[in-house]
>>> print(open('protein15.cif').read())   # mmCIF, C-alpha atoms and all ligand atoms
data_data
loop_
_atom_site.group_PDB
_atom_site.id
_atom_site.type_symbol
_atom_site.label_atom_id
_atom_site.label_comp_id
_atom_site.auth_asym_id
_atom_site.auth_seq_id
_atom_site.Cartn_x
_atom_site.Cartn_y
_atom_site.Cartn_z
ATOM 1 C CA MET A 1 -45.273 64.395 -29.553
ATOM 2 C CA SER A 2 -45.090 61.607 -27.014
ATOM 3 C CA ILE A 3 -45.574 62.309 -23.336
ATOM 4 C CA GLN A 4 -42.999 60.604 -21.131
ATOM 5 C CA PRO A 5 -44.330 59.265 -17.828
ATOM 6 C CA ALA A 6 -42.570 60.919 -14.878
ATOM 7 C CA ASN A 7 -41.511 57.532 -13.555
ATOM 8 C CA PRO A 8 -41.238 55.116 -16.445
ATOM 9 C CA PRO A 9 -41.327 51.400 -15.703
ATOM 10 C CA ALA A 10 -38.124 49.357 -15.729
ATOM 11 C CA SER A 11 -36.994 48.629 -19.281
ATOM 12 C CA GLY A 12 -38.455 45.535 -20.877
ATOM 13 C CA THR A 13 -41.523 45.630 -18.672
ATOM 14 C CA ALA A 14 -43.523 48.379 -20.311
ATOM 15 C CA PRO A 15 -47.233 48.465 -19.568
ATOM 16 C CA GLY A 16 -49.039 47.014 -22.537
ATOM 17 C CA SER A 17 -46.805 43.934 -22.719
ATOM 18 C CA GLU A 18 -48.181 40.440 -21.995
ATOM 19 C CA PRO A 19 -49.974 40.599 -18.628
ATOM 20 C CA ILE A 20 -48.241 38.818 -15.758
ATOM 21 C CA LEU A 21 -51.551 38.591 -13.896
ATOM 22 C CA GLN A 22 -54.835 37.620 -15.491
ATOM 23 C CA ALA A 23 -57.898 37.331 -13.287
ATOM 24 C CA ARG A 24 -61.033 36.187 -15.046
ATOM 25 C CA GLY A 25 -64.588 36.286 -13.718
ATOM 26 C CA VAL A 26 -63.470 36.265 -10.087
ATOM 27 C CA THR A 27 -66.541 35.866 -7.883
ATOM 28 C CA MET A 28 -66.757 35.533 -4.112
ATOM 29 C CA ARG A 29 -70.009 34.831 -2.316
ATOM 30 C CA PHE A 30 -70.494 34.800 1.432
ATOM 31 C CA GLY A 31 -73.847 33.074 1.892
ATOM 32 C CA GLY A 32 -76.350 35.352 0.164
ATOM 33 C CA LEU A 33 -73.883 38.228 -0.316
ATOM 34 C CA THR A 34 -71.879 38.483 -3.532
ATOM 35 C CA ALA A 35 -68.871 40.517 -2.392
ATOM 36 C CA VAL A 36 -66.995 40.199 -5.714
ATOM 37 C CA ASP A 37 -68.983 39.609 -8.863
ATOM 38 C CA GLY A 38 -67.255 38.435 -12.050
ATOM 39 C CA VAL A 39 -64.254 40.764 -11.884
ATOM 40 C CA ASP A 40 -61.559 40.603 -14.601
ATOM 41 C CA LEU A 41 -58.156 42.181 -14.075
ATOM 42 C CA ASP A 42 -55.012 42.190 -16.209
ATOM 43 C CA VAL A 43 -51.757 43.592 -14.841
ATOM 44 C CA ALA A 44 -48.785 44.122 -17.137
ATOM 45 C CA GLY A 45 -45.151 43.786 -16.128
ATOM 46 C CA GLY A 46 -43.990 46.997 -14.418
ATOM 47 C CA GLU A 47 -47.481 48.428 -14.238
ATOM 48 C CA ILE A 48 -48.935 50.228 -11.197
ATOM 49 C CA VAL A 49 -52.689 49.659 -10.976
ATOM 50 C CA GLY A 50 -55.015 51.273 -8.446
ATOM 51 C CA LEU A 51 -58.089 49.495 -7.154
ATOM 52 C CA ILE A 52 -60.580 52.023 -5.844
ATOM 53 C CA GLY A 53 -64.220 52.142 -4.844
ATOM 54 C CA PRO A 54 -66.535 52.914 -1.932
ATOM 55 C CA ASN A 55 -66.401 51.054 1.397
ATOM 56 C CA GLY A 56 -67.647 47.522 1.002
ATOM 57 C CA ALA A 57 -67.075 47.515 -2.789
ATOM 58 C CA GLY A 58 -65.162 44.229 -2.554
ATOM 59 C CA LYS A 59 -61.588 45.480 -2.946
ATOM 60 C CA THR A 60 -60.016 43.595 -0.034
ATOM 61 C CA THR A 61 -62.078 40.498 -0.795
ATOM 62 C CA PHE A 62 -60.707 40.599 -4.340
ATOM 63 C CA PHE A 63 -57.141 40.814 -2.933
ATOM 64 C CA ASN A 64 -57.965 37.878 -0.663
ATOM 65 C CA CYS A 65 -59.032 35.881 -3.721
ATOM 66 C CA LEU A 66 -55.858 36.821 -5.632
ATOM 67 C CA THR A 67 -53.672 35.699 -2.729
ATOM 68 C CA GLY A 68 -55.474 32.426 -2.046
ATOM 69 C CA LEU A 69 -56.828 33.494 1.344
ATOM 70 C CA TYR A 70 -60.321 32.956 -0.050
ATOM 71 C CA PRO A 71 -60.811 30.296 -2.714
ATOM 72 C CA PRO A 72 -63.070 32.184 -5.148
ATOM 73 C CA THR A 73 -66.575 30.817 -5.657
ATOM 74 C CA ALA A 74 -65.960 31.131 -9.415
ATOM 75 C CA GLY A 75 -63.325 32.407 -11.811
ATOM 76 C CA SER A 76 -59.637 31.831 -12.426
ATOM 77 C CA ILE A 77 -56.363 33.558 -11.647
ATOM 78 C CA THR A 78 -53.299 33.076 -13.816
ATOM 79 C CA PHE A 79 -49.878 34.422 -12.880
ATOM 80 C CA ARG A 80 -46.915 34.270 -15.281
ATOM 81 C CA GLY A 81 -48.938 31.882 -17.426
ATOM 82 C CA GLN A 82 -49.671 29.405 -14.604
ATOM 83 C CA ARG A 83 -53.090 28.933 -13.080
ATOM 84 C CA LEU A 84 -52.790 29.683 -9.357
ATOM 85 C CA ALA A 85 -53.928 27.216 -6.726
ATOM 86 C CA PRO A 86 -55.984 29.061 -4.085
ATOM 87 C CA LYS A 87 -53.478 28.516 -1.272
ATOM 88 C CA PRO A 88 -51.539 31.441 0.237
ATOM 89 C CA TYR A 89 -48.154 29.643 0.349
ATOM 90 C CA ARG A 90 -48.507 28.515 -3.285
ATOM 91 C CA VAL A 91 -49.372 32.068 -4.341
ATOM 92 C CA ALA A 92 -46.333 33.397 -2.436
ATOM 93 C CA GLU A 93 -44.079 30.780 -4.054
ATOM 94 C CA ALA A 94 -45.458 31.739 -7.472
ATOM 95 C CA GLY A 95 -44.363 35.351 -6.851
ATOM 96 C CA ILE A 96 -47.299 37.364 -5.480
ATOM 97 C CA SER A 97 -46.836 39.123 -2.158
ATOM 98 C CA ARG A 98 -49.023 41.508 -0.193
ATOM 99 C CA THR A 99 -49.481 43.807 2.758
ATOM 100 C CA PHE A 100 -52.646 44.089 4.838
ATOM 101 C CA GLN A 101 -55.014 46.913 5.654
ATOM 102 C CA ASN A 102 -54.202 46.509 9.368
ATOM 103 C CA ILE A 103 -50.515 46.180 10.104
ATOM 104 C CA ARG A 104 -49.593 42.538 10.665
ATOM 105 C CA LEU A 105 -45.997 42.637 11.792
ATOM 106 C CA PHE A 106 -44.580 40.373 14.474
ATOM 107 C CA PRO A 107 -44.642 43.163 17.074
ATOM 108 C CA ASN A 108 -42.047 41.729 19.465
ATOM 109 C CA MET A 109 -39.484 40.776 16.843
ATOM 110 C CA THR A 110 -36.898 43.190 15.478
ATOM 111 C CA ALA A 111 -37.370 44.909 12.135
ATOM 112 C CA LEU A 112 -34.602 42.730 10.657
ATOM 113 C CA GLU A 113 -36.221 39.522 11.939
ATOM 114 C CA ASN A 114 -39.600 40.558 10.513
ATOM 115 C CA VAL A 115 -38.075 40.901 7.056
ATOM 116 C CA MET A 116 -36.161 37.611 7.439
ATOM 117 C CA VAL A 117 -39.459 35.837 8.119
ATOM 118 C CA GLY A 118 -40.698 37.171 4.775
ATOM 119 C CA ARG A 119 -37.780 35.389 3.080
ATOM 120 C CA HIS A 120 -38.909 32.024 4.432
ATOM 121 C CA CYS A 121 -40.799 30.854 1.328
ATOM 122 C CA ARG A 122 -37.602 31.209 -0.740
ATOM 123 C CA THR A 123 -35.413 29.068 1.553
ATOM 124 C CA ARG A 124 -35.371 25.352 0.948
ATOM 125 C CA GLU A 125 -34.347 24.277 4.437
ATOM 126 C CA GLY A 126 -36.687 21.862 6.206
ATOM 127 C CA LEU A 127 -37.357 21.202 9.886
ATOM 128 C CA LEU A 128 -34.519 18.681 10.357
ATOM 129 C CA SER A 129 -32.002 21.041 8.856
ATOM 130 C CA ALA A 130 -33.264 23.822 11.144
ATOM 131 C CA ILE A 131 -32.988 21.614 14.256
ATOM 132 C CA GLY A 132 -29.497 20.423 13.279
ATOM 133 C CA ARG A 133 -28.399 23.944 12.287
ATOM 134 C CA GLY A 134 -25.973 22.450 9.785
ATOM 135 C CA PRO A 135 -23.934 24.343 7.174
ATOM 136 C CA ARG A 136 -26.797 24.537 4.676
ATOM 137 C CA TYR A 137 -29.117 25.993 7.292
ATOM 138 C CA ARG A 138 -26.494 28.543 8.313
ATOM 139 C CA ALA A 139 -25.878 29.529 4.685
ATOM 140 C CA ALA A 140 -29.630 30.022 4.131
ATOM 141 C CA GLU A 141 -29.821 32.075 7.319
ATOM 142 C CA ARG A 142 -26.893 34.235 6.180
ATOM 143 C CA GLU A 143 -28.531 34.797 2.803
ATOM 144 C CA ALA A 144 -31.866 35.714 4.427
ATOM 145 C CA ARG A 145 -30.127 38.170 6.752
ATOM 146 C CA GLN A 146 -28.254 39.799 3.884
ATOM 147 C CA THR A 147 -31.433 40.135 1.782
ATOM 148 C CA ALA A 148 -33.279 41.574 4.782
ATOM 149 C CA ARG A 149 -30.537 44.158 5.377
ATOM 150 C CA GLU A 150 -30.578 45.161 1.718
ATOM 151 C CA LEU A 151 -34.364 45.621 1.833
ATOM 152 C CA LEU A 152 -34.251 47.644 5.045
ATOM 153 C CA SER A 153 -31.740 49.897 3.351
ATOM 154 C CA PHE A 154 -33.872 50.081 0.169
ATOM 155 C CA LEU A 155 -36.799 51.316 2.277
ATOM 156 C CA ASP A 156 -34.597 53.640 4.298
ATOM 157 C CA LEU A 157 -35.183 51.665 7.479
ATOM 158 C CA ASP A 158 -31.611 50.494 8.185
ATOM 159 C CA ARG A 159 -31.387 52.561 11.364
ATOM 160 C CA HIS A 160 -34.266 50.503 12.775
ATOM 161 C CA ALA A 161 -32.771 47.056 11.996
ATOM 162 C CA SER A 162 -32.362 46.059 15.668
ATOM 163 C CA ALA A 163 -35.451 47.894 16.962
ATOM 164 C CA ILE A 164 -38.515 45.970 18.095
ATOM 165 C CA ALA A 165 -41.150 46.347 15.369
ATOM 166 C CA ARG A 166 -43.866 47.767 17.628
ATOM 167 C CA SER A 167 -41.560 50.592 18.735
ATOM 168 C CA LEU A 168 -41.246 51.989 15.179
ATOM 169 C CA PRO A 169 -43.194 55.119 14.145
ATOM 170 C CA TYR A 170 -46.422 54.194 12.370
ATOM 171 C CA GLY A 171 -45.273 55.179 8.875
ATOM 172 C CA ASP A 172 -42.108 53.102 9.303
ATOM 173 C CA GLN A 173 -44.147 50.079 10.429
ATOM 174 C CA ARG A 174 -46.065 50.328 7.165
ATOM 175 C CA LYS A 175 -42.792 50.509 5.244
ATOM 176 C CA LEU A 176 -41.483 47.528 7.212
ATOM 177 C CA GLU A 177 -44.502 45.543 6.037
ATOM 178 C CA ILE A 178 -43.546 46.395 2.462
ATOM 179 C CA ALA A 179 -39.937 45.309 3.120
ATOM 180 C CA ARG A 180 -41.195 42.000 4.478
ATOM 181 C CA ALA A 181 -43.460 41.515 1.450
ATOM 182 C CA LEU A 182 -40.509 42.210 -0.874
ATOM 183 C CA ALA A 183 -38.353 39.621 0.910
ATOM 184 C CA SER A 184 -40.115 36.773 -0.886
ATOM 185 C CA ASP A 185 -38.798 38.238 -4.154
ATOM 186 C CA PRO A 186 -42.226 38.757 -5.732
ATOM 187 C CA GLY A 187 -43.050 39.820 -9.284
ATOM 188 C CA LEU A 188 -46.335 41.353 -8.155
ATOM 189 C CA LEU A 189 -46.906 43.296 -4.951
ATOM 190 C CA LEU A 190 -50.416 43.949 -3.624
ATOM 191 C CA LEU A 191 -50.713 46.850 -1.180
ATOM 192 C CA ASP A 192 -53.925 47.218 0.832
ATOM 193 C CA GLU A 193 -54.311 50.853 1.939
ATOM 194 C CA PRO A 194 -50.576 51.514 2.372
ATOM 195 C CA ALA A 195 -51.079 55.253 3.022
ATOM 196 C CA ALA A 196 -53.717 54.809 5.751
ATOM 197 C CA GLY A 197 -52.766 56.881 8.794
ATOM 198 C CA MET A 198 -49.771 58.503 7.099
ATOM 199 C CA ASN A 199 -49.161 62.258 7.138
ATOM 200 C CA PRO A 200 -48.696 64.144 3.808
ATOM 201 C CA ARG A 201 -44.909 63.900 3.983
ATOM 202 C CA GLU A 202 -45.003 60.135 4.598
ATOM 203 C CA THR A 203 -47.562 59.700 1.810
ATOM 204 C CA LEU A 204 -45.353 61.531 -0.656
ATOM 205 C CA ALA A 205 -42.352 59.405 0.386
ATOM 206 C CA LEU A 206 -44.481 56.283 -0.043
ATOM 207 C CA ARG A 207 -45.269 57.264 -3.618
ATOM 208 C CA GLU A 208 -41.550 57.560 -4.368
ATOM 209 C CA THR A 209 -40.965 54.183 -2.709
ATOM 210 C CA ILE A 210 -43.580 52.533 -4.919
ATOM 211 C CA PHE A 211 -41.978 54.081 -8.016
ATOM 212 C CA LYS A 212 -38.641 52.642 -6.841
ATOM 213 C CA ILE A 213 -40.256 49.240 -6.400
ATOM 214 C CA ARG A 214 -41.508 49.411 -9.986
ATOM 215 C CA GLN A 215 -37.972 50.290 -11.087
ATOM 216 C CA ARG A 216 -36.909 46.914 -9.638
ATOM 217 C CA GLY A 217 -39.190 45.359 -12.273
ATOM 218 C CA LEU A 218 -42.223 44.616 -10.092
ATOM 219 C CA SER A 219 -45.866 45.246 -10.876
ATOM 220 C CA VAL A 220 -47.942 46.775 -8.092
ATOM 221 C CA VAL A 221 -51.677 46.793 -7.382
ATOM 222 C CA VAL A 222 -52.747 49.290 -4.715
ATOM 223 C CA ILE A 223 -56.017 49.689 -2.833
ATOM 224 C CA GLU A 224 -56.273 53.171 -1.387
ATOM 225 C CA HIS A 225 -58.875 55.707 -0.293
ATOM 226 C CA ASP A 226 -56.495 58.680 -0.531
ATOM 227 C CA MET A 227 -57.581 59.808 -3.993
ATOM 228 C CA ARG A 228 -54.863 62.353 -4.587
ATOM 229 C CA PHE A 229 -52.224 59.773 -3.720
ATOM 230 C CA ILE A 230 -53.682 57.085 -5.978
ATOM 231 C CA PHE A 231 -54.433 59.330 -8.961
ATOM 232 C CA ASN A 232 -50.861 60.650 -8.921
ATOM 233 C CA LEU A 233 -49.361 57.182 -8.507
ATOM 234 C CA CYS A 234 -51.058 54.806 -10.915
ATOM 235 C CA ASP A 235 -50.788 54.034 -14.622
ATOM 236 C CA ARG A 236 -54.320 52.691 -14.590
ATOM 237 C CA LEU A 237 -57.262 52.625 -12.205
ATOM 238 C CA VAL A 238 -59.938 49.992 -11.760
ATOM 239 C CA VAL A 239 -63.107 51.123 -10.014
ATOM 240 C CA LEU A 240 -65.223 48.608 -8.113
ATOM 241 C CA ALA A 241 -68.738 49.269 -6.836
ATOM 242 C CA ARG A 242 -70.895 46.658 -5.120
ATOM 243 C CA GLY A 243 -68.527 43.885 -6.158
ATOM 244 C CA ARG A 244 -68.547 44.746 -9.854
ATOM 245 C CA LYS A 245 -66.115 46.584 -12.034
ATOM 246 C CA LEU A 246 -67.686 49.975 -12.720
ATOM 247 C CA THR A 247 -64.961 51.114 -15.110
ATOM 248 C CA GLU A 248 -61.209 51.160 -15.666
ATOM 249 C CA GLY A 249 -58.774 53.426 -17.466
ATOM 250 C CA ARG A 250 -56.000 55.953 -17.145
ATOM 251 C CA PRO A 251 -56.357 58.317 -14.166
ATOM 252 C CA ASP A 252 -57.460 61.205 -16.427
ATOM 253 C CA GLU A 253 -60.155 59.021 -17.981
ATOM 254 C CA VAL A 254 -61.439 57.771 -14.630
ATOM 255 C CA ARG A 255 -61.329 61.276 -13.135
ATOM 256 C CA ALA A 256 -63.663 62.478 -15.909
ATOM 257 C CA ASP A 257 -66.070 59.506 -15.759
ATOM 258 C CA GLU A 258 -69.509 60.730 -14.672
ATOM 259 C CA ARG A 259 -70.367 57.392 -13.030
ATOM 260 C CA VAL A 260 -67.211 57.439 -10.929
ATOM 261 C CA ILE A 261 -67.833 61.015 -9.849
ATOM 262 C CA ALA A 262 -71.428 60.176 -8.923
ATOM 263 C CA THR A 263 -70.628 56.877 -7.181
ATOM 264 C CA TYR A 264 -67.410 57.688 -5.467
ATOM 265 C CA LEU A 265 -65.308 60.748 -6.109
ATOM 266 C CA GLY A 266 -67.684 63.660 -5.629
ATOM 267 C CA THR A 267 -64.943 66.126 -6.620
ATOM 268 C CA ALA A 268 -61.736 65.791 -8.621
ATOM 269 C CA PRO A 269 -58.643 64.727 -6.638
ATOM 270 C CA GLY A 270 -55.790 67.248 -6.339
ATOM 271 C CA THR A 271 -52.685 67.315 -8.488
ATOM 272 C CA ALA A 272 -49.181 66.024 -7.747
ATOM 273 C CA GLU A 273 -48.076 69.660 -7.221
ATOM 274 C CA GLN A 274 -50.694 70.166 -4.491
ATOM 275 C CA GLU A 275 -49.601 66.904 -2.894
ATOM 276 C CA ALA A 276 -45.981 68.061 -2.812
ATOM 277 C CA SER A 277 -46.972 71.449 -1.414
ATOM 278 C CA ASP A 278 -48.943 69.843 1.446
ATOM 279 C CA ALA A 279 -45.963 67.694 2.330
ATOM 280 C CA ARG A 280 -43.719 70.732 2.829
HETATM 281 N N1 LIG A 301 -65.344 36.964 5.550
HETATM 282 C C1 LIG A 301 -66.475 37.597 5.206
HETATM 283 N N2 LIG A 301 -67.687 37.077 5.508
HETATM 284 C C2 LIG A 301 -68.822 37.710 5.156
HETATM 285 N N3 LIG A 301 -68.865 38.882 4.489
HETATM 286 C C3 LIG A 301 -67.689 39.453 4.170
HETATM 287 C C4 LIG A 301 -66.442 38.848 4.501
HETATM 288 N N4 LIG A 301 -65.440 39.654 4.053
HETATM 289 C C5 LIG A 301 -66.031 40.709 3.465
HETATM 290 N N5 LIG A 301 -67.373 40.589 3.541
HETATM 291 C C6 LIG A 301 -68.366 41.529 2.989
HETATM 292 O O1 LIG A 301 -68.043 41.679 1.615
HETATM 293 C C7 LIG A 301 -68.270 43.019 1.203
HETATM 294 C C8 LIG A 301 -67.003 43.578 0.599
HETATM 295 O O2 LIG A 301 -66.084 43.806 1.657
HETATM 296 P P1 LIG A 301 -64.581 44.257 1.398
HETATM 297 O O3 LIG A 301 -63.907 44.340 2.741
HETATM 298 O O4 LIG A 301 -63.957 43.406 0.384
HETATM 299 O O5 LIG A 301 -64.797 45.720 0.793
HETATM 300 P P2 LIG A 301 -63.722 46.862 0.555
HETATM 301 O O6 LIG A 301 -64.019 47.447 -0.782
HETATM 302 O O7 LIG A 301 -62.346 46.355 0.775
HETATM 303 O O8 LIG A 301 -64.117 47.892 1.690
HETATM 304 P P3 LIG A 301 -63.205 48.934 2.536
HETATM 305 O O9 LIG A 301 -62.808 50.010 1.575
HETATM 306 O O10 LIG A 301 -64.146 49.433 3.573
HETATM 307 O O11 LIG A 301 -62.044 48.181 3.108
HETATM 308 C C9 LIG A 301 -68.764 43.783 2.417
HETATM 309 O O12 LIG A 301 -70.178 43.821 2.378
HETATM 310 C C10 LIG A 301 -68.266 42.921 3.571
HETATM 311 O O13 LIG A 301 -69.097 43.076 4.703
#
>>> encode(input="protein15.cif", output="structure tokens")
Amino acid sequence: MSIQPANPPASGTAPGSEPILQARGVTMRFGGLTAVDGVDLDVAGGEIVGLIGPNGAGKTTFFNCLTGLYPPTAGSITFRGQRLAPKPYRVAEAGISRTFQNIRLFPNMTALENVMVGRHCRTREGLLSAIGRGPRYRAAEREARQTARELLSFLDLDRHASAIARSLPYGDQRKLEIARALASDPGLLLLDEPAAGMNPRETLALRETIFKIRQRGLSVVVIEHDMRFIFNLCDRLVVLARGRKLTEGRPDEVRADERVIATYLGTAPGTAEQEASDAR
């Protein structure tokens, strides 16, 4: 008997297919400190992967390497078969987008404008076109606005379209960051502690949102300290400790791994049913 996942990936992008992301031997040294030490990571199309580990394990540094914010000291990153140049705008153009641990919205712009900014790397209009505001510029602007509206609606934020970003409730600001990251039309979304500061109801809604994102055909890698959230979300978990990969596997495998329990978990995370009950 086969067990159907509760939220199967979009058709044609089943986990186990050719990886869209391949990171090999990624290493990042800061002076004498090796923050990330020879980490490999494969992510399949439509897969949701959790990156967990104690504080200082190197999770965010690894994200920073994947997104070109830090050129890794060693190793390579290949996305959709192309080796990535370690430059954030190149990585965004290639189709990897991210959110940050601390919210990085433009606080005094509206929600709609924040998402439109995220569309920028997909518009071809240069400075002269922008100054002249010719027909091509206006068409690109119209397209960006339409995409931004669609994404606000996808994340159930349409009522906030004209609101100034900093005035939004905290959970909605986090969702707005995701909308902005989706505006660049990525194939892979990296979320750095998306549930931080959320209440149980918001966390549960976030899980559903990430499943919906996967249904659009994206792969997602999530860093998160909320163990119940991450164990009930991911197809696969990768555990980092002191910059190295301690282990990886399905949530049930990782949950039972003695080293993970000793290094990080302490006790087993709660079930999806407990999560739903807390949110009520
Ligand atoms: N720019 C930097 N310069 C020097 N050291 C850094 C830098 N960024 C991170 N580190 C160090 O690298 C190590 C890994 O940090 P990192 O933030 O990647 O861990 P993390 O697993 O994301 O932790 P947390 O869960 O607390 O966010 C830490 O010892 C940190 O102090």
>>> closest_residue(input="protein15.cif", among="A:Phe62, A:Tyr137, A:Tyr264, A:Phe79", to="ligand LIG 301 (chain A)", atoms="only C-alpha atoms and all ligand atoms")
A:Phe62
>>> resolve_selection(input="protein15.cif", expression="the PyMOL selection byres (((not hetatm)) within 7 of (chain A and resi 301))", output="ChimeraX atom specification")
/A:30,33,35,53-62,243
>>> closest_residue(input="protein15.cif", among="A:Leu84, A:Val220, A:Cys65, A:Ile48", to="Asn232 in chain A", atoms="only C-alpha atoms")
A:Ile48
>>> closest_residue(input="protein15.cif", among="A:Gln215, A:Asp226, A:Ala279, A:Val254", to="Glu202 in chain A", atoms="all atoms listed in the file")
A:Ala279
>>> residues_around(input="protein15.cif", residues="Glu18 in chain A", least_positions_apart="4", cutoff="9 Å", atoms="all atoms listed in the file", output="list in words")
Val43, Ala44 and Gly45 of chain A
>>> residues_around(input="protein15.cif", residues="Ile103 in chain A", least_positions_apart="6", cutoff="9 Å", atoms="all atoms listed in the file", output="VMD selection string")
chain A and resid 173 to 174 177
